[in-house]
Amino acid sequence: MNRGTILWILFIFFMTSSFAESATKPRTRSYRQPAYIANGYFSDKMVQKGEAMQPASVVKALRSGSQGVSGFFVLDLVLVVGGEHHFKVDILDQEGNLTTRLDYPPIQVTRDEPLPMYAAVGTISGKMAPGLWFFKVYDQLDRKVWKPLGTHAILVVTPGEQSRPDPDRNPGNGPKD
């Protein structure tokens, strides 16, 4: 046998053995972050349904107010890594200034299969000026580094502004002809 044939045989042997090894190893999922946002939305009121509180409606804008509760920020999260998850949401005004923070109690995830879902509701209260507001969501796994999960935005309008119809839109039927 010449040297080229021996090299080909060794190459095929190593490729076959590495393929067999990878096929017999249990597959572990490799996620880029410990949790993902499955859904995030805003509601103007919550209602009691059985033993749980649920959003009464989903809104695309909140009304500005001087006091009290303006609305709720609802997050549905998929927890893909076991351990202690701690979530926080930084609320930023239109200029990007941190105005307040929603801080959720840490939760312990003990298993990775099936993927646990977690619902978090934060109360939005206080005076919010009309304009666009940003909600930056973070997760901290096992008290390590805070990882950003995503940013949501909501428009805050003056009380009469939300109900005004948009003359350029015809809801449900697409653009006007």
# chains A, B, ... in the order shown; residues from 1 in each chain; ligands from 1
>>> residues_around(residues="Val78 of chain A", least_positions_apart="4", cutoff="8 Å", atoms="only C-alpha atoms", output="count of residues only")
8
>>> residues_around(residues="Gly68 of chain A", least_positions_apart="4", cutoff="9 Å", atoms="only C-alpha atoms", output="MDAnalysis selection string")
chainID A and resid 124:127
>>> atom_distance(atom1="atom CA of Asn39 of chain A", atom2="atom CA of Thr151 of chain A")
11.6 Å
>>> closest_residue(among="A:Gly96, A:Pro130, A:Lys45, A:Pro105", to="Ser70 of chain A", atoms="only C-alpha atoms")
A:Lys45
>>> closest_residue(among="A:Val157, A:Met128, A:Val80, A:Leu75", to="Ser43 of chain A", atoms="only C-alpha atoms")
A:Leu75
